[in-house]
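Engineer: Contents of model_7.pdb (PDB, C-alpha atoms and all ligand atoms) are given next:
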ATOM      1  CA  MET T  80       0.000   0.000   0.000
ATOM      2  CA  SER T  81       1.350   3.426  -0.896
ATOM      3  CA  SER T  82      -0.029   6.559   0.660
ATOM      4  CA  ARG T  83      -0.654   9.752  -1.239
ATOM      5  CA  LYS T  84       1.687  12.619  -0.379
ATOM      6  CA  VAL T  85       1.435  16.310  -1.236
ATOM      7  CA  LYS T  86       3.150  17.202  -4.534
ATOM      8  CA  GLN T  87       2.275  20.893  -4.579
ATOM      9  CA  VAL T  88       0.581  23.452  -2.348
ATOM     10  CA  VAL T  89      -1.425  26.124  -4.145
ATOM     11  CA  THR T  90      -2.807  29.284  -2.542
ATOM     12  CA  GLY T  91      -5.978  30.631  -4.135
ATOM     13  CA  GLN T  92      -5.781  34.039  -5.794
ATOM     14  CA  ALA T  93      -8.356  36.780  -5.271
ATOM     15  CA  THR T  94     -10.001  37.729  -8.552
ATOM     16  CA  THR T  95     -13.225  39.124 -10.011
ATOM     17  CA  ASP T  96     -15.468  37.343 -12.500
ATOM     18  CA  GLY T  97     -19.000  37.519 -13.852
ATOM     19  CA  ALA T  98     -20.428  41.044 -13.533
ATOM     20  CA  GLY T  99     -18.139  41.811 -10.570
ATOM     21  CA  VAL T 100     -18.180  38.874  -8.171
ATOM     22  CA  GLU T 101     -15.235  38.706  -5.779
ATOM     23  CA  LEU T 102     -13.909  35.180  -5.575
ATOM     24  CA  VAL T 103     -10.816  33.110  -4.950
ATOM     25  CA  ARG T 104      -9.499  31.138  -7.930
ATOM     26  CA  VAL T 105      -7.692  28.027  -6.800
ATOM     27  CA  ILE T 106      -7.436  25.933  -9.979
ATOM     28  CA  GLY T 107      -7.250  27.779 -13.301
ATOM     29  CA  GLN T 108      -4.646  30.350 -12.236
ATOM     30  CA  PRO T 109      -0.893  30.516 -12.985
ATOM     31  CA  GLU T 110       0.147  28.365 -10.000
ATOM     32  CA  LEU T 111      -2.137  25.546 -11.166
ATOM     33  CA  MET T 112      -3.729  25.974 -14.597
ATOM     34  CA  ASP T 113      -5.432  22.602 -14.416
ATOM     35  CA  LEU T 114      -5.333  19.242 -12.674
ATOM     36  CA  ASP T 115      -6.673  16.845 -15.293
ATOM     37  CA  PRO T 116      -9.702  16.401 -15.459
ATOM     38  CA  PHE T 117     -10.283  19.511 -13.269
ATOM     39  CA  LEU T 118     -10.085  22.796 -15.155
ATOM     40  CA  LEU T 119     -11.092  25.352 -12.549
ATOM     41  CA  LEU T 120     -11.990  25.698  -8.874
ATOM     42  CA  ASP T 121     -13.465  28.963  -7.601
ATOM     43  CA  ALA T 122     -14.407  29.634  -3.984
ATOM     44  CA  PHE T 123     -16.751  32.469  -3.022
ATOM     45  CA  ARG T 124     -17.390  33.451   0.555
ATOM     46  CA  SER T 125     -18.712  36.839   1.594
ATOM     47  CA  ASP T 126     -21.392  38.462   3.702
ATOM     48  CA  ASN T 127     -20.927  41.753   1.877
ATOM     49  CA  PRO T 128     -23.549  41.955  -0.920
ATOM     50  CA  ASP T 129     -21.236  44.256  -2.933
ATOM     51  CA  ASP T 130     -18.967  41.236  -3.397
ATOM     52  CA  TYR T 131     -21.609  39.013  -5.009
ATOM     53  CA  ILE T 132     -24.826  40.850  -5.867
ATOM     54  CA  ALA T 133     -23.885  41.463  -9.544
ATOM     55  CA  GLY T 134     -23.766  37.695 -10.092
ATOM     56  CA  PHE T 135     -23.096  35.984 -13.404
ATOM     57  CA  PRO T 136     -25.498  37.313 -16.067
ATOM     58  CA  PRO T 137     -26.118  35.177 -19.203
ATOM     59  CA  HIS T 138     -22.965  33.544 -20.567
ATOM     60  CA  PRO T 139     -22.204  30.377 -22.564
ATOM     61  CA  HIS T 140     -20.283  27.171 -21.856
ATOM     62  CA  ARG T 141     -19.221  24.290 -24.105
ATOM     63  CA  GLY T 142     -17.134  21.170 -23.722
ATOM     64  CA  PHE T 143     -17.124  20.444 -19.981
ATOM     65  CA  GLU T 144     -19.164  20.337 -16.757
ATOM     66  CA  THR T 145     -19.720  22.994 -14.089
ATOM     67  CA  VAL T 146     -20.363  21.788 -10.547
ATOM     68  CA  THR T 147     -21.789  24.313  -8.093
ATOM     69  CA  TYR T 148     -21.849  23.388  -4.424
ATOM     70  CA  LEU T 149     -23.350  25.914  -2.014
ATOM     71  CA  LEU T 150     -22.616  25.973   1.711
ATOM     72  CA  ASN T 151     -24.555  29.153   2.503
ATOM     73  CA  GLY T 152     -26.998  31.360   0.643
ATOM     74  CA  LYS T 153     -29.031  30.825  -2.526
ATOM     75  CA  MET T 154     -28.283  31.062  -6.241
ATOM     76  CA  ARG T 155     -30.875  31.227  -9.014
ATOM     77  CA  HIS T 156     -29.994  29.414 -12.197
ATOM     78  CA  GLN T 157     -31.659  29.910 -15.580
ATOM     79  CA  ASP T 158     -30.704  28.654 -19.047
ATOM     80  CA  ASN T 159     -31.682  29.143 -22.693
ATOM     81  CA  ALA T 160     -33.415  25.733 -22.796
ATOM     82  CA  GLY T 161     -35.963  26.908 -20.215
ATOM     83  CA  ASN T 162     -34.422  25.212 -17.190
ATOM     84  CA  GLU T 163     -34.670  27.260 -14.016
ATOM     85  CA  GLY T 164     -34.147  26.612 -10.349
ATOM     86  CA  VAL T 165     -32.631  27.787  -7.106
ATOM     87  CA  ILE T 166     -29.604  26.105  -5.559
ATOM     88  CA  GLU T 167     -29.880  26.330  -1.768
ATOM     89  CA  ALA T 168     -27.412  25.826   1.061
ATOM     90  CA  GLY T 169     -26.036  22.304   1.092
ATOM     91  CA  GLY T 170     -27.249  21.633  -2.436
ATOM     92  CA  ILE T 171     -25.398  20.727  -5.590
ATOM     93  CA  GLN T 172     -25.936  21.479  -9.266
ATOM     94  CA  TRP T 173     -23.899  19.328 -11.662
ATOM     95  CA  MET T 174     -24.321  20.784 -15.153
ATOM     96  CA  THR T 175     -23.040  18.988 -18.221
ATOM     97  CA  ALA T 176     -22.718  21.899 -20.653
ATOM     98  CA  GLY T 177     -21.825  19.552 -23.517
ATOM     99  CA  LYS T 178     -22.411  21.101 -26.950
ATOM    100  CA  GLY T 179     -23.526  24.363 -25.459
ATOM    101  CA  ILE T 180     -25.671  26.142 -22.975
ATOM    102  CA  VAL T 181     -26.264  29.821 -22.192
ATOM    103  CA  HIS T 182     -27.096  30.393 -18.551
ATOM    104  CA  SER T 183     -27.133  32.909 -15.735
ATOM    105  CA  GLU T 184     -26.143  32.286 -12.123
ATOM    106  CA  MET T 185     -27.473  35.029  -9.853
ATOM    107  CA  PRO T 186     -27.574  35.343  -6.056
ATOM    108  CA  GLU T 187     -31.137  34.847  -4.804
ATOM    109  CA  GLN T 188     -30.537  37.128  -1.819
ATOM    110  CA  GLN T 189     -29.970  40.815  -1.141
ATOM    111  CA  ASN T 190     -27.796  40.297   1.928
ATOM    112  CA  GLY T 191     -26.298  37.668   4.197
ATOM    113  CA  LEU T 192     -23.574  35.130   3.660
ATOM    114  CA  LEU T 193     -23.034  33.563   0.242
ATOM    115  CA  GLU T 194     -20.518  30.741   0.305
ATOM    116  CA  GLY T 195     -19.722  27.941  -2.091
ATOM    117  CA  PHE T 196     -17.607  26.535  -4.862
ATOM    118  CA  GLN T 197     -17.646  26.057  -8.580
ATOM    119  CA  LEU T 198     -15.578  23.237 -10.025
ATOM    120  CA  TRP T 199     -15.128  22.686 -13.769
ATOM    121  CA  ILE T 200     -14.632  19.085 -14.866
ATOM    122  CA  ASN T 201     -13.481  18.308 -18.376
ATOM    123  CA  LEU T 202     -15.309  15.979 -20.769
ATOM    124  CA  PRO T 203     -13.491  13.553 -23.054
ATOM    125  CA  SER T 204     -13.268  14.565 -26.691
ATOM    126  CA  MET T 205     -16.043  12.165 -27.768
ATOM    127  CA  TYR T 206     -18.492  13.710 -25.279
ATOM    128  CA  LYS T 207     -17.735  17.432 -25.578
ATOM    129  CA  MET T 208     -20.684  17.875 -27.953
ATOM    130  CA  THR T 209     -23.103  15.763 -25.903
ATOM    131  CA  THR T 210     -26.625  17.007 -25.130
ATOM    132  CA  PRO T 211     -26.640  19.362 -22.102
ATOM    133  CA  ALA T 212     -27.881  17.759 -18.890
ATOM    134  CA  TYR T 213     -28.300  18.479 -15.188
ATOM    135  CA  GLN T 214     -27.973  16.493 -11.996
ATOM    136  CA  GLU T 215     -29.427  18.604  -9.183
ATOM    137  CA  HIS T 216     -29.714  17.531  -5.576
ATOM    138  CA  ASP T 217     -30.737  19.511  -2.529
ATOM    139  CA  ALA T 218     -29.114  19.112   0.887
ATOM    140  CA  THR T 219     -31.475  16.328   1.968
ATOM    141  CA  GLN T 220     -30.437  14.143  -0.987
ATOM    142  CA  ILE T 221     -26.737  14.206  -0.140
ATOM    143  CA  PRO T 222     -25.868  11.363   2.260
ATOM    144  CA  THR T 223     -23.759  12.013   5.341
ATOM    145  CA  GLU T 224     -21.365   9.341   6.539
ATOM    146  CA  LEU T 225     -20.408   9.529  10.219
ATOM    147  CA  ARG T 226     -17.133   8.260  11.644
ATOM    148  CA  PRO T 227     -15.737   9.177  15.085
ATOM    149  CA  GLY T 228     -15.247  12.966  15.132
ATOM    150  CA  THR T 229     -15.912  13.002  11.399
ATOM    151  CA  GLU T 230     -18.807  13.954   9.139
ATOM    152  CA  ILE T 231     -18.546  13.296   5.401
ATOM    153  CA  ARG T 232     -21.054  14.621   2.884
ATOM    154  CA  VAL T 233     -20.799  12.420  -0.199
ATOM    155  CA  ILE T 234     -21.689  14.342  -3.352
ATOM    156  CA  SER T 235     -20.203  12.023  -5.939
ATOM    157  CA  GLY T 236     -18.414   8.678  -5.901
ATOM    158  CA  GLU T 237     -18.287   6.086  -3.143
ATOM    159  CA  THR T 238     -16.403   6.128   0.147
ATOM    160  CA  SER T 239     -14.370   3.157   1.370
ATOM    161  CA  GLN T 240     -17.243   2.462   3.789
ATOM    162  CA  GLY T 241     -19.752   2.232   0.961
ATOM    163  CA  THR T 242     -21.602   5.557   1.108
ATOM    164  CA  VAL T 243     -22.559   6.542  -2.445
ATOM    165  CA  GLY T 244     -23.153  10.115  -3.599
ATOM    166  CA  PRO T 245     -26.167  10.983  -5.783
ATOM    167  CA  VAL T 246     -24.155  12.353  -8.729
ATOM    168  CA  SER T 247     -22.935   9.877 -11.304
ATOM    169  CA  GLN T 248     -20.380  10.625 -14.027
ATOM    170  CA  PRO T 249     -18.762   7.463 -15.405
ATOM    171  CA  LEU T 250     -16.595   9.424 -17.874
ATOM    172  CA  THR T 251     -14.332  10.801 -15.129
ATOM    173  CA  ASN T 252     -15.644   8.882 -12.097
ATOM    174  CA  PRO T 253     -15.272  11.836  -9.713
ATOM    175  CA  LEU T 254     -15.088  11.472  -5.974
ATOM    176  CA  TYR T 255     -16.382  14.675  -4.325
ATOM    177  CA  LEU T 256     -16.410  14.668  -0.520
ATOM    178  CA  ASP T 257     -17.061  17.494   1.967
ATOM    179  CA  VAL T 258     -15.269  16.385   5.135
ATOM    180  CA  SER T 259     -15.685  18.000   8.584
ATOM    181  CA  LEU T 260     -13.263  16.932  11.322
ATOM    182  CA  GLN T 261     -13.180  17.738  15.005
ATOM    183  CA  ALA T 262      -9.891  19.100  16.354
ATOM    184  CA  GLY T 263      -7.039  16.606  16.122
ATOM    185  CA  VAL T 264      -9.065  13.899  14.378
ATOM    186  CA  GLU T 265      -7.305  11.781  11.756
ATOM    187  CA  PHE T 266      -9.036  10.979   8.479
ATOM    188  CA  ASN T 267      -8.133   7.999   6.328
ATOM    189  CA  GLU T 268      -9.608   7.171   2.960
ATOM    190  CA  ASN T 269      -8.883   4.923   0.003
ATOM    191  CA  PHE T 270      -9.877   5.694  -3.553
ATOM    192  CA  ALA T 271      -8.738   4.983  -7.119
ATOM    193  CA  ALA T 272      -4.928   5.018  -7.023
ATOM    194  CA  ASP T 273      -4.550   6.292 -10.603
ATOM    195  CA  HIS T 274      -6.932   9.246 -10.259
ATOM    196  CA  ASN T 275      -5.709  12.805  -9.833
ATOM    197  CA  ALA T 276      -6.768  14.235  -6.470
ATOM    198  CA  PHE T 277      -6.677  17.346  -4.324
ATOM    199  CA  VAL T 278      -7.569  18.545  -0.848
ATOM    200  CA  TYR T 279      -8.917  22.095  -0.486
ATOM    201  CA  VAL T 280      -9.222  23.613   2.990
ATOM    202  CA  ILE T 281     -12.504  25.410   3.735
ATOM    203  CA  ASN T 282     -11.699  26.263   7.346
ATOM    204  CA  GLY T 283      -9.415  25.317  10.200
ATOM    205  CA  THR T 284      -6.054  23.675   9.552
ATOM    206  CA  VAL T 285      -5.397  20.410   7.762
ATOM    207  CA  MET T 286      -2.130  18.574   8.358
ATOM    208  CA  LEU T 287      -0.657  16.469   5.555
ATOM    209  CA  LYS T 288       2.779  15.158   4.629
ATOM    210  CA  ASP T 289       4.656  16.046   1.482
ATOM    211  CA  VAL T 290       6.678  13.681  -0.722
ATOM    212  CA  ASP T 291       9.748  14.212   1.489
ATOM    213  CA  GLY T 292       7.784  13.332   4.629
ATOM    214  CA  VAL T 293       7.695  16.945   5.802
ATOM    215  CA  LYS T 294       4.548  17.898   7.743
ATOM    216  CA  LEU T 295       2.500  20.661   6.127
ATOM    217  CA  ASN T 296      -0.221  22.764   7.738
ATOM    218  CA  LEU T 297      -2.729  23.881   5.156
ATOM    219  CA  GLU T 298      -5.044  26.800   5.882
ATOM    220  CA  CYS T 299      -8.235  28.222   4.390
ATOM    221  CA  ASP T 300      -8.062  28.701   0.587
ATOM    222  CA  GLN T 301      -5.023  26.444   0.214
ATOM    223  CA  LEU T 302      -5.124  23.388  -2.000
ATOM    224  CA  ALA T 303      -2.834  20.373  -1.873
ATOM    225  CA  VAL T 304      -2.238  18.469  -5.108
ATOM    226  CA  LEU T 305      -1.830  14.831  -4.078
ATOM    227  CA  GLY T 306       0.599  12.395  -5.651
ATOM    228  CA  ARG T 307      -0.533   8.943  -6.712
ATOM    229  CA  GLY T 308      -1.199   6.244  -4.129
ATOM    230  CA  ASP T 309      -4.034   4.088  -2.877
ATOM    231  CA  SER T 310      -4.592   5.698   0.522
ATOM    232  CA  LEU T 311      -4.760   9.153   2.047
ATOM    233  CA  THR T 312      -4.161  10.172   5.645
ATOM    234  CA  LEU T 313      -4.622  13.677   7.003
ATOM    235  CA  ARG T 314      -5.384  15.235  10.343
ATOM    236  CA  ALA T 315      -7.295  18.270  11.599
ATOM    237  CA  GLY T 316      -5.272  20.850  13.539
ATOM    238  CA  ASP T 317      -6.276  22.163  16.945
ATOM    239  CA  GLN T 318      -9.678  23.384  15.810
ATOM    240  CA  THR T 319     -12.649  22.006  13.888
ATOM    241  CA  SER T 320     -11.599  21.810  10.255
ATOM    242  CA  ARG T 321     -13.418  21.319   6.986
ATOM    243  CA  LEU T 322     -12.106  20.348   3.572
ATOM    244  CA  LEU T 323     -13.063  19.172   0.123
ATOM    245  CA  LEU T 324     -11.489  15.938  -1.084
ATOM    246  CA  VAL T 325     -11.903  15.630  -4.842
ATOM    247  CA  ALA T 326     -10.493  13.020  -7.226
ATOM    248  CA  GLY T 327     -11.122  12.076 -10.848
ATOM    249  CA  LYS T 328      -9.854  10.047 -13.763
ATOM    250  CA  PRO T 329      -7.400  12.011 -15.907
ATOM    251  CA  LEU T 330      -8.362  12.289 -19.580
ATOM    252  CA  ASN T 331      -4.821  12.825 -20.948
ATOM    253  CA  GLU T 332      -6.139  14.850 -23.891
ATOM    254  CA  PRO T 333      -5.052  18.240 -25.228
ATOM    255  CA  VAL T 334      -6.834  21.177 -23.555
ATOM    256  CA  ALA T 335      -7.677  24.287 -25.610
ATOM    257  CA  ARG T 336      -9.224  27.047 -23.516
ATOM    258  CA  GLY T 337     -11.160  30.061 -24.699
ATOM    259  CA  GLY T 338     -12.887  31.694 -21.733
ATOM    260  CA  PRO T 339     -16.157  29.808 -21.236
ATOM    261  CA  PHE T 340     -15.270  27.126 -23.810
ATOM    262  CA  VAL T 341     -12.846  24.264 -23.224
ATOM    263  CA  MET T 342     -12.178  22.064 -26.235
ATOM    264  CA  ASN T 343      -9.295  19.965 -27.588
ATOM    265  CA  THR T 344      -8.087  22.345 -30.327
ATOM    266  CA  ASP T 345      -8.028  26.112 -30.942
ATOM    267  CA  GLU T 346     -10.101  25.525 -34.084
ATOM    268  CA  GLU T 347     -12.859  23.940 -31.949
ATOM    269  CA  VAL T 348     -12.732  26.955 -29.596
ATOM    270  CA  ARG T 349     -13.095  29.339 -32.574
ATOM    271  CA  GLN T 350     -16.038  27.227 -33.774
ATOM    272  CA  ALA T 351     -17.629  27.540 -30.315
ATOM    273  CA  PHE T 352     -17.348  31.372 -30.396
ATOM    274  CA  SER T 353     -18.772  31.393 -33.916
ATOM    275  CA  ASP T 354     -21.687  29.068 -33.030
ATOM    276  CA  TYR T 355     -22.466  31.178 -29.956
ATOM    277  CA  GLN T 356     -22.345  34.486 -31.870
ATOM    278  CA  ARG T 357     -24.713  33.051 -34.510
ATOM    279  CA  GLY T 358     -27.159  32.000 -31.805
ATOM    280  CA  ASN T 359     -26.656  28.286 -32.423
ATOM    281  CA  PHE T 360     -26.444  27.254 -28.772
TER     282      PHE T 360
HETATM  283 MN    MN P   1     -21.483  29.535 -15.798
END
Any chance you could give the structure as structure tokens?

Structural biologist:
Amino acid sequence: MSSRKVKQVVTGQATTDGAGVELVRVIGQPELMDLDPFLLLDAFRSDNPDDYIAGFPPHPHRGFETVTYLLNGKMRHQDNAGNEGVIEAGGIQWMTAGKGIVHSEMPEQQNGLLEGFQLWINLPSMYKMTTPAYQEHDATQIPTELRPGTEIRVISGETSQGTVGPVSQPLTNPLYLDVSLQAGVEFNENFAADHNAFVYVINGTVMLKDVDGVKLNLECDQLAVLGRGDSLTLRAGDQTSRLLLVAGKPLNEPVARGGPFVMNTDEEVRQAFSDYQRGNF
């Protein structure tokens, strides 16, 4: 058995996106452009409406999936195919943009805390032009696995103790866990040894070891890229800590990015802009 060790620590960068939303970009910035199959990870967390109220007015996507997980607040989602709904605290929206969708993501609140994440997961070349689809689950549909001092919300994939998340995506087989640990509690988990994986700290301190065996203390908005291995061990620091553990099957395909479009070639990105401008989404 080999245990996964930290290959790289990435600190999220403050940035602005949409119509002026303040967020922290963790994947998709110079320190970590992508972690195949993950293309982007944004964290937003503010109780100041000025930071989020402008939201994300209508914009397109093609070629990948957007996964929105809310911890606090509400977001209204609307697309050009007539789909509409509100993502509430503890809920998940897993959108397969496929061949193209135009949607808006707007805060459904005038004040209070808005907190959550958006993760972009790539699609293999053969599925980039698939029909758009949604998997939406509110907080009550996400199972919680309890271990001593530990609470695990299972969004996607299966834990080593057999808890299965409601989202299914066989193309990349993602594991998406929201793990809360009491102070000092150790967390052990096994998952696909050949999948790329990361730990992102939501709050508290998470202690991990790097490839040289050096102990690392990760804080809020830091992400650890994990090396390969079939087990993971980490520990909460001296306060309650919370983290995302995410893993997925790498696609090993060329990535061509053009803003909201992620394809395999620049020509396919140009085609996406052209199709969007002609109203063919
Ligand atoms: Mn979007």

Engineer: May I ask which of the residues T:Asn331, T:Gln350, T:Ser204, T:Thr175 is the closest one to ligand MN 1 (chain P), counting all atoms listed in the file?

Structural biologist: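 Of T:Asn331, T:Gln350, T:Ser204, T:Thr175, the one nearest ligand MN 1 (chain P), counting all atoms listed in the file, is T:Thr175.
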
Engineer: List the residues matched by the PyMOL selection byres (((chain T and resi 181) around 6) and not hetatm) in the displayed structure as a CSV table (one decimal) with C-alpha atoms, in the frame of the given file, ordered by chain and then by residue number.

Structural biologist:
chain,number,residue,atom,x,y,z
T,138,HIS,CA,-23.0,33.5,-20.6
T,139,PRO,CA,-22.2,30.4,-22.6
T,158,ASP,CA,-30.7,28.7,-19.0
T,159,ASN,CA,-31.7,29.1,-22.7
T,180,ILE,CA,-25.7,26.1,-23.0
T,182,HIS,CA,-27.1,30.4,-18.6

Engineer: Quick one: residues within 8 Å of Gly195 in chain T, all atoms listed in the file counted, chain neighbours fewer than 6 positions away excluded, as a PDB file with C-alpha atoms, in the coordinates of the input?

Structural biologist:
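See result_10.pdb below for the written result:
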ATOM      1  CA  ALA T 122     -14.407  29.634  -3.984  1.00  0.00           C
ATOM      2  CA  PHE T 123     -16.751  32.469  -3.022  1.00  0.00           C
ATOM      3  CA  ARG T 124     -17.390  33.451   0.555  1.00  0.00           C
ATOM      4  CA  THR T 147     -21.789  24.313  -8.093  1.00  0.00           C
ATOM      5  CA  TYR T 148     -21.849  23.388  -4.424  1.00  0.00           C
ATOM      6  CA  LEU T 149     -23.350  25.914  -2.014  1.00  0.00           C
ATOM      7  CA  LEU T 150     -22.616  25.973   1.711  1.00  0.00           C
ATOM      8  CA  ASN T 151     -24.555  29.153   2.503  1.00  0.00           C
TER       9      ASN T 151
END

Engineer: Evaluating the PyMOL selection byres (((chain T and resi 86) around 10) and not hetatm) on the displayed file yields which residues, as a ChimeraX atom specification?

Structural biologist: /T:83-85,87-88,277,288-291,303-307

Engineer: Kindly provide the residues of range 168-286 of chain T that approach range 308-330 of chain T to within 7 Å, each paired with its closest atom pair and their distance in Å to one decimal, based on only C-alpha atoms, listed by chain and increasing number, as JSON lines.

Structural biologist:
{"residue": "T:Pro203", "atom": "CA", "partner": "T:Leu330", "partner_atom": "CA", "distance": 6.3}
{"residue": "T:Thr251", "atom": "CA", "partner": "T:Lys328", "partner_atom": "CA", "distance": 4.7}
{"residue": "T:Asn252", "atom": "CA", "partner": "T:Gly327", "partner_atom": "CA", "distance": 5.7}
{"residue": "T:Pro253", "atom": "CA", "partner": "T:Gly327", "partner_atom": "CA", "distance": 4.3}
{"residue": "T:Leu254", "atom": "CA", "partner": "T:Ala326", "partner_atom": "CA", "distance": 5.0}
{"residue": "T:Tyr255", "atom": "CA", "partner": "T:Val325", "partner_atom": "CA", "distance": 4.6}
{"residue": "T:Leu256", "atom": "CA", "partner": "T:Leu324", "partner_atom": "CA", "distance": 5.1}
{"residue": "T:Asp257", "atom": "CA", "partner": "T:Leu323", "partner_atom": "CA", "distance": 4.7}
{"residue": "T:Val258", "atom": "CA", "partner": "T:Leu322", "partner_atom": "CA", "distance": 5.3}
{"residue": "T:Ser259", "atom": "CA", "partner": "T:Arg321", "partner_atom": "CA", "distance": 4.3}
{"residue": "T:Leu260", "atom": "CA", "partner": "T:Ser320", "partner_atom": "CA", "distance": 5.3}
{"residue": "T:Gln261", "atom": "CA", "partner": "T:Thr319", "partner_atom": "CA", "distance": 4.4}
{"residue": "T:Ala262", "atom": "CA", "partner": "T:Gln318", "partner_atom": "CA", "distance": 4.3}
{"residue": "T:Gly263", "atom": "CA", "partner": "T:Ala315", "partner_atom": "CA", "distance": 4.8}
{"residue": "T:Val264", "atom": "CA", "partner": "T:Ala315", "partner_atom": "CA", "distance": 5.5}
{"residue": "T:Glu265", "atom": "CA", "partner": "T:Arg314", "partner_atom": "CA", "distance": 4.2}
{"residue": "T:Phe266", "atom": "CA", "partner": "T:Leu313", "partner_atom": "CA", "distance": 5.4}
{"residue": "T:Asn267", "atom": "CA", "partner": "T:Thr312", "partner_atom": "CA", "distance": 4.6}
{"residue": "T:Glu268", "atom": "CA", "partner": "T:Leu311", "partner_atom": "CA", "distance": 5.3}
{"residue": "T:Asn269", "atom": "CA", "partner": "T:Ser310", "partner_atom": "CA", "distance": 4.4}
{"residue": "T:Phe270", "atom": "CA", "partner": "T:Asp309", "partner_atom": "CA", "distance": 6.1}
{"residue": "T:Ala271", "atom": "CA", "partner": "T:Asp309", "partner_atom": "CA", "distance": 6.4}
{"residue": "T:Ala272", "atom": "CA", "partner": "T:Asp309", "partner_atom": "CA", "distance": 4.3}
{"residue": "T:His274", "atom": "CA", "partner": "T:Lys328", "partner_atom": "CA", "distance": 4.6}
{"residue": "T:Asn275", "atom": "CA", "partner": "T:Ala326", "partner_atom": "CA", "distance": 5.5}
{"residue": "T:Ala276", "atom": "CA", "partner": "T:Ala326", "partner_atom": "CA", "distance": 4.0}
{"residue": "T:Phe277", "atom": "CA", "partner": "T:Val325", "partner_atom": "CA", "distance": 5.5}
{"residue": "T:Val278", "atom": "CA", "partner": "T:Leu324", "partner_atom": "CA", "distance": 4.7}
{"residue": "T:Tyr279", "atom": "CA", "partner": "T:Leu323", "partner_atom": "CA", "distance": 5.1}
{"residue": "T:Val280", "atom": "CA", "partner": "T:Leu322", "partner_atom": "CA", "distance": 4.4}
{"residue": "T:Ile281", "atom": "CA", "partner": "T:Leu322", "partner_atom": "CA", "distance": 5.1}
{"residue": "T:Asn282", "atom": "CA", "partner": "T:Arg321", "partner_atom": "CA", "distance": 5.2}
{"residue": "T:Gly283", "atom": "CA", "partner": "T:Ser320", "partner_atom": "CA", "distance": 4.1}
{"residue": "T:Thr284", "atom": "CA", "partner": "T:Gly316", "partner_atom": "CA", "distance": 4.9}
{"residue": "T:Val285", "atom": "CA", "partner": "T:Ala315", "partner_atom": "CA", "distance": 4.8}
{"residue": "T:Met286", "atom": "CA", "partner": "T:Arg314", "partner_atom": "CA", "distance": 5.1}

Engineer: To one decimal place in Å, what is the distance between CA of Trp199 in chain T and CA of Ser81 in chain T?

Structural biologist: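 Rounded to one decimal, the two atoms are 28.4 Å apart.
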
Engineer: Expand the PyMOL selection byres (((chain T and resi 162-173) around 8) and not hetatm) into the explicit residue set it covers here, and present it as a PyMOL selection string.

Structural biologist: chain T and resi 144-161+174-175+187+213-218+221+234+246

Engineer: Smallest atom-to-atom distance to ligand MN 1 (chain P): which of T:Leu225, T:Leu198, T:Val89, T:Ala351, using all atoms listed in the file?

Structural biologist: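 Among T:Leu225, T:Leu198, T:Val89, T:Ala351, it is T:Leu198 that comes nearest to ligand MN 1 (chain P).
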
Engineer: With all atoms listed in the file as the counted atoms, please give the residues lying no more than 12 Å from Met112 in chain T, apart from itself and same-chain residues fewer than 4 positions off, as an mmCIF file with C-alpha atoms, keeping the file's coordinate frame.

Structural biologist:
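Result went into around-v2.cif, see below:
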data_model
loop_
_atom_site.group_PDB
_atom_site.id
_atom_site.type_symbol
_atom_site.label_atom_id
_atom_site.label_comp_id
_atom_site.auth_asym_id
_atom_site.auth_seq_id
_atom_site.Cartn_x
_atom_site.Cartn_y
_atom_site.Cartn_z
ATOM 1 C CA VAL T 89 -1.425 26.124 -4.145
ATOM 2 C CA GLY T 91 -5.978 30.631 -4.135
ATOM 3 C CA ARG T 104 -9.499 31.138 -7.930
ATOM 4 C CA VAL T 105 -7.692 28.027 -6.800
ATOM 5 C CA ILE T 106 -7.436 25.933 -9.979
ATOM 6 C CA GLY T 107 -7.250 27.779 -13.301
ATOM 7 C CA GLN T 108 -4.646 30.350 -12.236
ATOM 8 C CA PRO T 116 -9.702 16.401 -15.459
ATOM 9 C CA PHE T 117 -10.283 19.511 -13.269
ATOM 10 C CA LEU T 118 -10.085 22.796 -15.155
ATOM 11 C CA LEU T 119 -11.092 25.352 -12.549
ATOM 12 C CA LEU T 120 -11.990 25.698 -8.874
ATOM 13 C CA TRP T 199 -15.128 22.686 -13.769
ATOM 14 C CA VAL T 334 -6.834 21.177 -23.555
ATOM 15 C CA ALA T 335 -7.677 24.287 -25.610
ATOM 16 C CA ARG T 336 -9.224 27.047 -23.516
#

Engineer: Extract, using all atoms listed in the file, all DNA, RNA and protein residues at most 9 Å from Pro222 in chain T, discarding same-chain residues fewer than 2 positions from it, and format them as a PyMOL selection string.

Structural biologist: chain T and resi 218-220+224+231-234+242-245

Engineer: Between CA of Pro128 in chain T and CA of Gly97 in chain T, what distance in Å does the model show, to one decimal?

Structural biologist: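 Going from CA of Pro128 in chain T over to CA of Gly97 in chain T covers 14.4 Å.
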
Engineer: So how many Å separate CA of Ser247 in chain T and CA of Phe360 in chain T, to one decimal?

Structural biologist: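 Those two atoms sit 24.9 Å apart.
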
Engineer: Identify which of the residues T:Cys299, T:Val103, T:Ala98, T:Ile132 lies closest to ligand MN 1 (chain P), counting only C-alpha atoms and all ligand atoms when measuring atom-to-atom distances.

Structural biologist: T:Ala98

Engineer: In terms of the shortest atom-to-atom distance over all atoms listed in the file, which of T:Asp126, T:Glu110, T:Glu347, T:Glu184 is closest to ligand MN 1 (chain P)?

Structural biologist: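 Closest residue, counting all atoms listed in the file: T:Glu184.
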
Engineer: The centre and edge lengths of an axis-aligned box containing all atoms of range 260-275 of chain T present in the file, extended by 5 Å on each side, are to be given in Å to one decimal, as lines of an AutoDock Vina configuration file.

Structural biologist:
center_x = -8.9
center_y = 12.0
center_z = 2.9
size_x = 18.7
size_y = 24.2
size_z = 37.0

Engineer: Measuring atom to atom with only C-alpha atoms, identify which of T:Tyr355, T:Gly177, T:Pro333, T:Ser183 is nearest to Pro136 in chain T.

Structural biologist: T:Ser183
